[in-house]
$ cat protein_12.cif   # mmCIF, N, CA and C atoms
data_my_file
#
loop_
_atom_site.label_atom_id
_atom_site.label_comp_id
_atom_site.auth_asym_id
_atom_site.auth_seq_id
_atom_site.Cartn_x
_atom_site.Cartn_y
_atom_site.Cartn_z
N MET X 1 0.83 -1.17 0.00
CA MET X 1 0.00 0.00 0.00
C MET X 1 0.88 1.24 0.00
N ALA X 2 0.33 2.28 -0.50
CA ALA X 2 1.06 3.54 -0.49
C ALA X 2 1.15 4.06 0.94
N ALA X 3 2.23 4.75 1.21
CA ALA X 3 2.38 5.34 2.54
C ALA X 3 1.33 6.44 2.72
N HIS X 4 0.60 6.38 3.80
CA HIS X 4 -0.43 7.36 4.09
C HIS X 4 -0.05 8.10 5.36
N THR X 5 -0.48 9.32 5.45
CA THR X 5 -0.20 10.11 6.65
C THR X 5 -1.51 10.56 7.30
N LEU X 6 -2.54 9.77 7.18
CA LEU X 6 -3.82 10.10 7.79
C LEU X 6 -3.77 9.88 9.30
N SER X 7 -4.42 10.74 10.03
CA SER X 7 -4.53 10.55 11.47
C SER X 7 -5.64 9.54 11.75
N VAL X 8 -5.66 9.05 12.98
CA VAL X 8 -6.72 8.12 13.40
C VAL X 8 -8.08 8.79 13.24
N GLU X 9 -8.19 10.06 13.61
CA GLU X 9 -9.47 10.77 13.49
C GLU X 9 -9.89 10.93 12.02
N GLU X 10 -8.93 11.20 11.13
CA GLU X 10 -9.26 11.31 9.70
C GLU X 10 -9.75 9.98 9.14
N ILE X 11 -9.13 8.90 9.57
CA ILE X 11 -9.56 7.57 9.13
C ILE X 11 -10.98 7.31 9.60
N LYS X 12 -11.27 7.61 10.85
CA LYS X 12 -12.63 7.42 11.37
C LYS X 12 -13.64 8.24 10.58
N ARG X 13 -13.30 9.48 10.30
CA ARG X 13 -14.21 10.38 9.57
C ARG X 13 -14.45 9.89 8.14
N LYS X 14 -13.40 9.44 7.46
CA LYS X 14 -13.53 9.00 6.06
C LYS X 14 -14.28 7.68 5.95
N LEU X 15 -14.18 6.84 6.96
CA LEU X 15 -14.84 5.53 6.88
C LEU X 15 -16.27 5.53 7.43
N TYR X 16 -16.64 6.55 8.16
CA TYR X 16 -18.00 6.61 8.71
C TYR X 16 -19.08 6.41 7.64
N PRO X 17 -19.00 7.08 6.48
CA PRO X 17 -20.04 6.88 5.46
C PRO X 17 -20.13 5.44 4.95
N HIS X 18 -19.01 4.73 4.95
CA HIS X 18 -19.00 3.34 4.47
C HIS X 18 -19.58 2.37 5.50
N PHE X 19 -19.23 2.58 6.76
CA PHE X 19 -19.66 1.66 7.81
C PHE X 19 -20.97 2.07 8.47
N GLY X 20 -21.24 3.37 8.50
CA GLY X 20 -22.45 3.84 9.15
C GLY X 20 -22.32 3.94 10.66
N TYR X 21 -21.13 3.79 11.16
CA TYR X 21 -20.86 3.94 12.59
C TYR X 21 -19.42 4.41 12.75
N HIS X 22 -19.12 4.94 13.92
CA HIS X 22 -17.76 5.41 14.20
C HIS X 22 -16.90 4.23 14.63
N LEU X 23 -15.74 4.12 14.00
CA LEU X 23 -14.81 3.07 14.37
C LEU X 23 -14.25 3.30 15.76
N CYS X 24 -13.90 2.22 16.44
CA CYS X 24 -13.20 2.31 17.72
C CYS X 24 -11.75 2.71 17.44
N ASP X 25 -11.08 3.20 18.46
CA ASP X 25 -9.68 3.60 18.29
C ASP X 25 -8.82 2.44 17.77
N PHE X 26 -8.99 1.22 18.34
CA PHE X 26 -8.14 0.11 17.92
C PHE X 26 -8.33 -0.22 16.44
N GLN X 27 -9.56 -0.05 15.93
CA GLN X 27 -9.81 -0.32 14.52
C GLN X 27 -9.09 0.70 13.64
N ALA X 28 -9.25 1.97 13.97
CA ALA X 28 -8.62 3.03 13.18
C ALA X 28 -7.09 2.98 13.29
N GLU X 29 -6.59 2.63 14.47
CA GLU X 29 -5.14 2.51 14.64
C GLU X 29 -4.59 1.34 13.82
N SER X 30 -5.32 0.25 13.77
CA SER X 30 -4.92 -0.89 12.96
C SER X 30 -4.91 -0.54 11.47
N ILE X 31 -5.94 0.16 11.03
CA ILE X 31 -6.03 0.59 9.63
C ILE X 31 -4.87 1.53 9.30
N LYS X 32 -4.60 2.47 10.19
CA LYS X 32 -3.50 3.43 9.98
C LYS X 32 -2.18 2.68 9.83
N ALA X 33 -1.91 1.74 10.71
CA ALA X 33 -0.66 0.98 10.64
C ALA X 33 -0.56 0.18 9.33
N GLN X 34 -1.67 -0.39 8.89
CA GLN X 34 -1.65 -1.14 7.63
C GLN X 34 -1.38 -0.21 6.45
N LEU X 35 -1.99 0.96 6.46
CA LEU X 35 -1.78 1.93 5.39
C LEU X 35 -0.33 2.43 5.36
N GLU X 36 0.34 2.34 6.49
CA GLU X 36 1.74 2.75 6.59
C GLU X 36 2.68 1.57 6.33
N ASP X 37 2.13 0.47 5.83
CA ASP X 37 2.89 -0.74 5.49
C ASP X 37 3.51 -1.45 6.69
N SER X 38 2.92 -1.29 7.84
CA SER X 38 3.39 -2.01 9.03
C SER X 38 2.71 -3.36 9.10
N ASP X 39 3.41 -4.32 9.68
CA ASP X 39 2.78 -5.61 9.96
C ASP X 39 1.88 -5.41 11.18
N VAL X 40 0.70 -5.98 11.14
CA VAL X 40 -0.29 -5.73 12.19
C VAL X 40 -0.88 -7.05 12.68
N VAL X 41 -0.96 -7.20 13.97
CA VAL X 41 -1.70 -8.28 14.60
C VAL X 41 -2.72 -7.61 15.51
N THR X 42 -3.99 -7.88 15.28
CA THR X 42 -5.05 -7.28 16.10
C THR X 42 -5.72 -8.39 16.90
N ILE X 43 -5.72 -8.24 18.19
CA ILE X 43 -6.34 -9.22 19.07
C ILE X 43 -7.49 -8.53 19.79
N ALA X 44 -8.69 -9.08 19.62
CA ALA X 44 -9.87 -8.51 20.27
C ALA X 44 -10.90 -9.62 20.43
N ALA X 45 -11.83 -9.40 21.31
CA ALA X 45 -12.87 -10.39 21.58
C ALA X 45 -13.77 -10.60 20.36
N THR X 46 -14.43 -11.73 20.32
CA THR X 46 -15.39 -12.01 19.27
C THR X 46 -16.46 -10.92 19.26
N GLY X 47 -16.72 -10.37 18.09
CA GLY X 47 -17.73 -9.33 17.95
C GLY X 47 -17.23 -7.92 18.23
N ALA X 48 -15.94 -7.78 18.51
CA ALA X 48 -15.39 -6.46 18.85
C ALA X 48 -15.14 -5.58 17.62
N GLY X 49 -15.07 -6.18 16.44
CA GLY X 49 -14.89 -5.38 15.24
C GLY X 49 -13.58 -5.57 14.50
N LYS X 50 -12.98 -6.74 14.64
CA LYS X 50 -11.72 -7.00 13.94
C LYS X 50 -11.90 -6.96 12.43
N THR X 51 -13.05 -7.38 11.94
CA THR X 51 -13.29 -7.41 10.50
C THR X 51 -13.13 -6.03 9.88
N ALA X 52 -13.71 -5.02 10.48
CA ALA X 52 -13.58 -3.65 9.96
C ALA X 52 -12.12 -3.22 9.97
N ALA X 53 -11.36 -3.69 10.94
CA ALA X 53 -9.96 -3.31 11.04
C ALA X 53 -9.13 -3.86 9.89
N PHE X 54 -9.47 -5.04 9.39
CA PHE X 54 -8.64 -5.56 8.31
C PHE X 54 -9.15 -5.27 6.92
N TYR X 55 -10.40 -4.93 6.74
CA TYR X 55 -10.79 -4.55 5.38
C TYR X 55 -10.96 -3.04 5.20
N GLY X 56 -10.81 -2.27 6.27
CA GLY X 56 -10.85 -0.82 6.17
C GLY X 56 -9.85 -0.23 5.19
N PRO X 57 -8.60 -0.73 5.14
CA PRO X 57 -7.63 -0.16 4.20
C PRO X 57 -8.06 -0.24 2.73
N SER X 58 -8.92 -1.17 2.40
CA SER X 58 -9.38 -1.31 1.01
C SER X 58 -10.11 -0.07 0.51
N PHE X 59 -10.68 0.71 1.42
CA PHE X 59 -11.40 1.93 1.03
C PHE X 59 -10.44 3.06 0.64
N PHE X 60 -9.18 2.92 1.00
CA PHE X 60 -8.20 3.97 0.71
C PHE X 60 -7.36 3.67 -0.52
N ASN X 61 -7.40 2.45 -1.01
CA ASN X 61 -6.61 2.08 -2.18
C ASN X 61 -7.42 1.10 -3.02
N GLU X 62 -8.00 1.61 -4.10
CA GLU X 62 -8.89 0.77 -4.91
C GLU X 62 -8.17 -0.37 -5.60
N HIS X 63 -6.85 -0.32 -5.67
CA HIS X 63 -6.10 -1.39 -6.34
C HIS X 63 -5.48 -2.37 -5.35
N SER X 64 -5.87 -2.25 -4.10
CA SER X 64 -5.31 -3.14 -3.09
C SER X 64 -5.95 -4.52 -3.17
N LEU X 65 -5.28 -5.48 -2.62
CA LEU X 65 -5.79 -6.84 -2.54
C LEU X 65 -5.63 -7.30 -1.11
N THR X 66 -6.72 -7.67 -0.47
CA THR X 66 -6.71 -8.16 0.89
C THR X 66 -7.06 -9.63 0.86
N VAL X 67 -6.24 -10.46 1.45
CA VAL X 67 -6.52 -11.90 1.53
C VAL X 67 -6.97 -12.19 2.96
N ILE X 68 -8.16 -12.74 3.08
CA ILE X 68 -8.73 -13.07 4.38
C ILE X 68 -8.84 -14.58 4.47
N VAL X 69 -8.24 -15.16 5.49
CA VAL X 69 -8.31 -16.60 5.70
C VAL X 69 -9.28 -16.86 6.84
N THR X 70 -10.29 -17.68 6.58
CA THR X 70 -11.28 -17.97 7.61
C THR X 70 -11.23 -19.45 7.96
N PRO X 71 -11.59 -19.82 9.19
CA PRO X 71 -11.55 -21.23 9.58
C PRO X 71 -12.72 -22.04 9.02
N LEU X 72 -13.77 -21.38 8.58
CA LEU X 72 -14.96 -22.09 8.11
C LEU X 72 -15.50 -21.50 6.82
N ASN X 73 -16.03 -22.35 5.97
CA ASN X 73 -16.65 -21.92 4.72
C ASN X 73 -17.81 -20.96 5.01
N THR X 74 -18.59 -21.26 6.03
CA THR X 74 -19.74 -20.42 6.40
C THR X 74 -19.29 -19.01 6.77
N LEU X 75 -18.20 -18.89 7.51
CA LEU X 75 -17.68 -17.59 7.89
C LEU X 75 -17.20 -16.82 6.66
N GLY X 76 -16.57 -17.52 5.72
CA GLY X 76 -16.14 -16.88 4.48
C GLY X 76 -17.31 -16.32 3.70
N LYS X 77 -18.39 -17.09 3.61
CA LYS X 77 -19.59 -16.62 2.92
C LYS X 77 -20.21 -15.42 3.63
N GLN X 78 -20.23 -15.46 4.95
CA GLN X 78 -20.78 -14.35 5.75
C GLN X 78 -19.97 -13.08 5.50
N MET X 79 -18.64 -13.19 5.51
CA MET X 79 -17.80 -12.02 5.27
C MET X 79 -17.97 -11.50 3.85
N GLN X 80 -18.11 -12.41 2.89
CA GLN X 80 -18.30 -11.99 1.51
C GLN X 80 -19.57 -11.16 1.38
N LYS X 81 -20.63 -11.60 2.02
CA LYS X 81 -21.89 -10.86 1.99
C LYS X 81 -21.74 -9.48 2.65
N GLN X 82 -21.07 -9.45 3.81
CA GLN X 82 -20.86 -8.21 4.54
C GLN X 82 -20.01 -7.23 3.71
N LEU X 83 -18.96 -7.71 3.11
CA LEU X 83 -18.09 -6.86 2.29
C LEU X 83 -18.82 -6.35 1.06
N GLY X 84 -19.69 -7.17 0.49
CA GLY X 84 -20.48 -6.76 -0.66
C GLY X 84 -21.39 -5.59 -0.34
N ARG X 85 -21.92 -5.56 0.88
CA ARG X 85 -22.76 -4.43 1.30
C ARG X 85 -21.96 -3.13 1.33
N HIS X 86 -20.65 -3.25 1.50
CA HIS X 86 -19.77 -2.07 1.52
C HIS X 86 -19.18 -1.79 0.14
N LYS X 87 -19.73 -2.45 -0.87
CA LYS X 87 -19.29 -2.24 -2.26
C LYS X 87 -17.84 -2.68 -2.50
N LEU X 88 -17.35 -3.63 -1.73
CA LEU X 88 -16.03 -4.20 -1.97
C LEU X 88 -16.22 -5.53 -2.68
N GLU X 89 -15.62 -5.66 -3.83
CA GLU X 89 -15.76 -6.90 -4.59
C GLU X 89 -14.93 -8.00 -3.92
N THR X 90 -15.51 -9.17 -3.85
CA THR X 90 -14.83 -10.29 -3.21
C THR X 90 -14.86 -11.51 -4.10
N ILE X 91 -13.92 -12.39 -3.85
CA ILE X 91 -13.90 -13.70 -4.48
C ILE X 91 -13.72 -14.69 -3.34
N HIS X 92 -14.56 -15.69 -3.28
CA HIS X 92 -14.52 -16.64 -2.17
C HIS X 92 -14.06 -17.99 -2.70
N PHE X 93 -12.85 -18.40 -2.31
CA PHE X 93 -12.34 -19.73 -2.64
C PHE X 93 -12.76 -20.68 -1.53
N TYR X 94 -13.07 -21.90 -1.89
CA TYR X 94 -13.36 -22.88 -0.85
C TYR X 94 -13.04 -24.26 -1.37
N LYS X 95 -12.97 -25.20 -0.48
CA LYS X 95 -12.58 -26.57 -0.82
C LYS X 95 -13.45 -27.08 -1.96
N GLY X 96 -12.80 -27.65 -2.96
CA GLY X 96 -13.51 -28.18 -4.11
C GLY X 96 -13.29 -27.34 -5.35
N HIS X 97 -13.01 -26.05 -5.18
CA HIS X 97 -12.78 -25.19 -6.34
C HIS X 97 -11.45 -25.46 -7.02
N ALA X 98 -10.48 -25.96 -6.27
CA ALA X 98 -9.14 -26.16 -6.84
C ALA X 98 -9.16 -27.16 -7.99
N SER X 99 -10.13 -28.07 -8.01
CA SER X 99 -10.18 -29.05 -9.09
C SER X 99 -10.98 -28.56 -10.29
N ASP X 100 -11.61 -27.42 -10.18
CA ASP X 100 -12.43 -26.86 -11.26
C ASP X 100 -11.61 -25.81 -12.02
N VAL X 101 -10.99 -26.22 -13.14
CA VAL X 101 -10.09 -25.35 -13.89
C VAL X 101 -10.80 -24.09 -14.38
N ASP X 102 -12.01 -24.21 -14.91
CA ASP X 102 -12.73 -23.03 -15.40
C ASP X 102 -12.96 -22.02 -14.28
N THR X 103 -13.32 -22.50 -13.11
CA THR X 103 -13.55 -21.61 -11.97
C THR X 103 -12.26 -20.89 -11.59
N MET X 104 -11.15 -21.61 -11.55
CA MET X 104 -9.88 -21.00 -11.17
C MET X 104 -9.44 -19.96 -12.19
N VAL X 105 -9.67 -20.20 -13.48
CA VAL X 105 -9.33 -19.21 -14.51
C VAL X 105 -10.18 -17.97 -14.32
N THR X 106 -11.47 -18.14 -14.04
CA THR X 106 -12.36 -17.00 -13.79
C THR X 106 -11.88 -16.21 -12.58
N TYR X 107 -11.50 -16.90 -11.50
CA TYR X 107 -10.99 -16.21 -10.31
C TYR X 107 -9.75 -15.40 -10.65
N LYS X 108 -8.84 -15.99 -11.40
CA LYS X 108 -7.60 -15.29 -11.74
C LYS X 108 -7.91 -14.02 -12.53
N ILE X 109 -8.81 -14.10 -13.48
CA ILE X 109 -9.19 -12.93 -14.28
C ILE X 109 -9.81 -11.87 -13.38
N ASN X 110 -10.72 -12.26 -12.49
CA ASN X 110 -11.37 -11.30 -11.60
C ASN X 110 -10.36 -10.63 -10.67
N ILE X 111 -9.42 -11.39 -10.15
CA ILE X 111 -8.42 -10.83 -9.25
C ILE X 111 -7.58 -9.81 -10.01
N GLN X 112 -7.18 -10.14 -11.22
CA GLN X 112 -6.35 -9.23 -12.00
C GLN X 112 -7.12 -7.97 -12.37
N LYS X 113 -8.42 -8.08 -12.59
CA LYS X 113 -9.20 -6.93 -13.04
C LYS X 113 -9.56 -5.98 -11.91
N ASN X 114 -10.17 -6.51 -10.84
CA ASN X 114 -10.71 -5.54 -9.90
C ASN X 114 -11.06 -6.03 -8.51
N ALA X 115 -10.67 -7.18 -8.11
CA ALA X 115 -11.07 -7.65 -6.78
C ALA X 115 -10.27 -6.95 -5.70
N ASN X 116 -10.95 -6.38 -4.73
CA ASN X 116 -10.30 -5.74 -3.58
C ASN X 116 -9.95 -6.78 -2.52
N THR X 117 -10.79 -7.76 -2.38
CA THR X 117 -10.66 -8.68 -1.26
C THR X 117 -10.86 -10.11 -1.71
N VAL X 118 -10.01 -10.99 -1.26
CA VAL X 118 -10.14 -12.41 -1.55
C VAL X 118 -10.35 -13.12 -0.23
N LEU X 119 -11.37 -13.96 -0.16
CA LEU X 119 -11.63 -14.74 1.04
C LEU X 119 -11.18 -16.17 0.78
N ARG X 120 -10.53 -16.78 1.73
CA ARG X 120 -10.10 -18.15 1.58
C ARG X 120 -10.31 -18.86 2.92
N ASP X 121 -10.84 -20.06 2.86
CA ASP X 121 -11.10 -20.81 4.09
C ASP X 121 -9.85 -21.52 4.57
N PHE X 122 -9.59 -21.47 5.87
CA PHE X 122 -8.43 -22.08 6.46
C PHE X 122 -8.40 -23.58 6.18
N GLN X 123 -9.54 -24.23 6.19
CA GLN X 123 -9.58 -25.67 5.99
C GLN X 123 -9.00 -26.08 4.64
N ASP X 124 -9.02 -25.20 3.66
CA ASP X 124 -8.44 -25.48 2.35
C ASP X 124 -6.92 -25.51 2.41
N LEU X 125 -6.32 -24.86 3.40
CA LEU X 125 -4.87 -24.78 3.47
C LEU X 125 -4.28 -25.99 4.16
N CYS X 126 -5.10 -26.78 4.82
CA CYS X 126 -4.62 -27.95 5.57
C CYS X 126 -4.48 -29.16 4.66
#

$ encode --input "protein_12.cif" --output "structure tokens"
Amino acid sequence: MAAHTLSVEEIKRKLYPHFGYHLCDFQAESIKAQLEDSDVVTIAATGAGKTAAFYGPSFFNEHSLTVIVTPLNTLGKQMQKQLGRHKLETIHFYKGHASDVDTMVTYKINIQKNANTVLRDFQDLC
């Protein structure tokens, strides 16, 4: 990602229209660090808003690619739906697609053209 010099407050203000709520400090701080090309590990309770923290940077760079690894196919589908509501294009890989050559070619074309976010299930990596 390009180096950004946005403050935490500017990030919160710019993302409010996309999310419809004000981000917590930890979310905006995580987004800021990612935009500055820092490695980031965010630890928070279930439901605390980690998802917004890792796909927030996509709103600042339309050519970015975010890879999200989920432990379950259901969670990947849920995130894909949620990201779609925010107008972020997603591609969801899941077990079984690797053997479908036509599907994989379509995914590759979509990623090259315009996908901001790719979802992948952890179970596929095992």

$ resolve_selection --input "protein_12.cif" --expression "the PyMOL selection byres ((chain X and resi 28) around 7)" --output "list in words"
Ser7, Val8, Ile11, Lys12, Leu23, Cys24, Asp25, Phe26, Gln27, Glu29, Ser30, Ile31, Lys32, Ala33 and Ala53 of chain X

$ write_last_selection --input "protein_12.cif" --atoms "N, CA and C atoms" --output "mmCIF file, in the frame of the given file"
data_model
loop_
_atom_site.group_PDB
_atom_site.id
_atom_site.type_symbol
_atom_site.label_atom_id
_atom_site.label_comp_id
_atom_site.auth_asym_id
_atom_site.auth_seq_id
_atom_site.Cartn_x
_atom_site.Cartn_y
_atom_site.Cartn_z
ATOM 1 N N SER X 7 -4.420 10.740 10.030
ATOM 2 C CA SER X 7 -4.530 10.550 11.470
ATOM 3 C C SER X 7 -5.640 9.540 11.750
ATOM 4 N N VAL X 8 -5.660 9.050 12.980
ATOM 5 C CA VAL X 8 -6.720 8.120 13.400
ATOM 6 C C VAL X 8 -8.080 8.790 13.240
ATOM 7 N N ILE X 11 -9.130 8.900 9.570
ATOM 8 C CA ILE X 11 -9.560 7.570 9.130
ATOM 9 C C ILE X 11 -10.980 7.310 9.600
ATOM 10 N N LYS X 12 -11.270 7.610 10.850
ATOM 11 C CA LYS X 12 -12.630 7.420 11.370
ATOM 12 C C LYS X 12 -13.640 8.240 10.580
ATOM 13 N N LEU X 23 -15.740 4.120 14.000
ATOM 14 C CA LEU X 23 -14.810 3.070 14.370
ATOM 15 C C LEU X 23 -14.250 3.300 15.760
ATOM 16 N N CYS X 24 -13.900 2.220 16.440
ATOM 17 C CA CYS X 24 -13.200 2.310 17.720
ATOM 18 C C CYS X 24 -11.750 2.710 17.440
ATOM 19 N N ASP X 25 -11.080 3.200 18.460
ATOM 20 C CA ASP X 25 -9.680 3.600 18.290
ATOM 21 C C ASP X 25 -8.820 2.440 17.770
ATOM 22 N N PHE X 26 -8.990 1.220 18.340
ATOM 23 C CA PHE X 26 -8.140 0.110 17.920
ATOM 24 C C PHE X 26 -8.330 -0.220 16.440
ATOM 25 N N GLN X 27 -9.560 -0.050 15.930
ATOM 26 C CA GLN X 27 -9.810 -0.320 14.520
ATOM 27 C C GLN X 27 -9.090 0.700 13.640
ATOM 28 N N GLU X 29 -6.590 2.630 14.470
ATOM 29 C CA GLU X 29 -5.140 2.510 14.640
ATOM 30 C C GLU X 29 -4.590 1.340 13.820
ATOM 31 N N SER X 30 -5.320 0.250 13.770
ATOM 32 C CA SER X 30 -4.920 -0.890 12.960
ATOM 33 C C SER X 30 -4.910 -0.540 11.470
ATOM 34 N N ILE X 31 -5.940 0.160 11.030
ATOM 35 C CA ILE X 31 -6.030 0.590 9.630
ATOM 36 C C ILE X 31 -4.870 1.530 9.300
ATOM 37 N N LYS X 32 -4.600 2.470 10.190
ATOM 38 C CA LYS X 32 -3.500 3.430 9.980
ATOM 39 C C LYS X 32 -2.180 2.680 9.830
ATOM 40 N N ALA X 33 -1.910 1.740 10.710
ATOM 41 C CA ALA X 33 -0.660 0.980 10.640
ATOM 42 C C ALA X 33 -0.560 0.180 9.330
ATOM 43 N N ALA X 53 -11.360 -3.690 10.940
ATOM 44 C CA ALA X 53 -9.960 -3.310 11.040
ATOM 45 C C ALA X 53 -9.130 -3.860 9.890
#

$ atom_distance --input "protein_12.cif" --atom1 "atom C of Gly56 of chain X" --atom2 "atom C of Ile43 of chain X"
17.0 Å

$ atom_distance --input "protein_12.cif" --atom1 "atom C of Gly20 of chain X" --atom2 "atom C of Phe93 of chain X"
29.1 Å

$ atom_distance --input "protein_12.cif" --atom1 "atom CA of Asp37 of chain X" --atom2 "atom CA of Pro71 of chain X"
25.4 Å

$ closest_residue --input "protein_12.cif" --among "X:Glu10, X:Phe54, X:Ser38, X:His18" --to "Thr66 of chain X" --atoms "only N, CA and C atoms"
X:Phe54

$ resolve_selection --input "protein_12.cif" --expression "the PyMOL selection byres (((chain X and resi 60 and name CA) around 10) and name CA)" --output "list in words"
Met1, Ala2, His4, Ile11, Lys14, Leu15, Ile31, Leu35, Gly56, Pro57, Ser58, Phe59, Asn61, Glu62, His63 and Ser64 of chain X
